[in-house]
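Here is the structure we will look at, set down as structure tokens.
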Amino acid sequence: MNCKICKKKISGRSDKIFCSINCKNYYHLKLREATALKVRKLDKILHRNRSILLEIMGKKNEKLKVPRLTLEDKKFQFKYHTHYHINSAGKIMHFVYDFGWMDFSDDEVLLVKGKTLE
């Protein structure tokens, strides 16, 4: 078998995939760099979405119904969320960390802070 990085012939155990510690370290370093770059981009979008929800809701509101256009005007990206919850009525509540939103109608979105709705 050949090394995954430098393609040199590997000697030793049959399940080895790197010929040396240097090749192994290089592989894992590049893997971490690629992962970190992608995660940074996604995290930036998630933090922006959370900031938009906080700005619209303020610090005192727990629930707020807003026009969908309000979120769209601020460039809220609906497809990015951290988790979701399906309530007893079968409606999906999407969350970005501690803020959630649910499509209430075609034109309105229900925003919540810090909890799921049943």
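By order in the structure tokens, chains are A, B, ...; within a chain, residues start at 1; ligands start at 1, following the order shown.
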Could you find all residues in segment 30-93 of chain A that DSSP calls strand (DSSP E or B) from the backbone, and write them as a ChimeraX atom specification?
-> /A:63-67,83-86,92-93
Might you pull out every residue within 10 Å of segment 103-117 of chain A, with only C-alpha atoms counted and same-chain residues fewer than 6 positions away left off, and present them as a PyMOL selection string?
-> chain A and resi 53-54+56-71+84-88+91-97
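When the distance limit is 12 Å and only C-alpha atoms are what count, the residues near Lys16 of chain A, minus those fewer than 4 positions from it on the same chain, are Met1, Asn2, Cys3, Lys4, Lys9, Ile10, Ser11, Gly12, Ser20, Ile21, Cys23 and Lys24 of chain A.
Taking only C-alpha atoms into account, Ile17 of chain A lies nearest to A:Ile5 out of the set A:Ile45, A:Val39, A:Leu31, A:Ile5.
You can rank A:Ser14, A:Phe99, A:Thr82, A:Tyr26 by their closest distance to Ser51 of chain A using only C-alpha atoms, and at the top of that list sits A:Phe99.
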Here atom CA of Trp101 of chain A and atom CA of Glu72 of chain A stand apart by 13.2 Å
DSSP on the backbone: what in segment 25-116 of chain A comes out alpha helix (DSSP H), as a ChimeraX atom specification?
-> /A:25-57,68-73
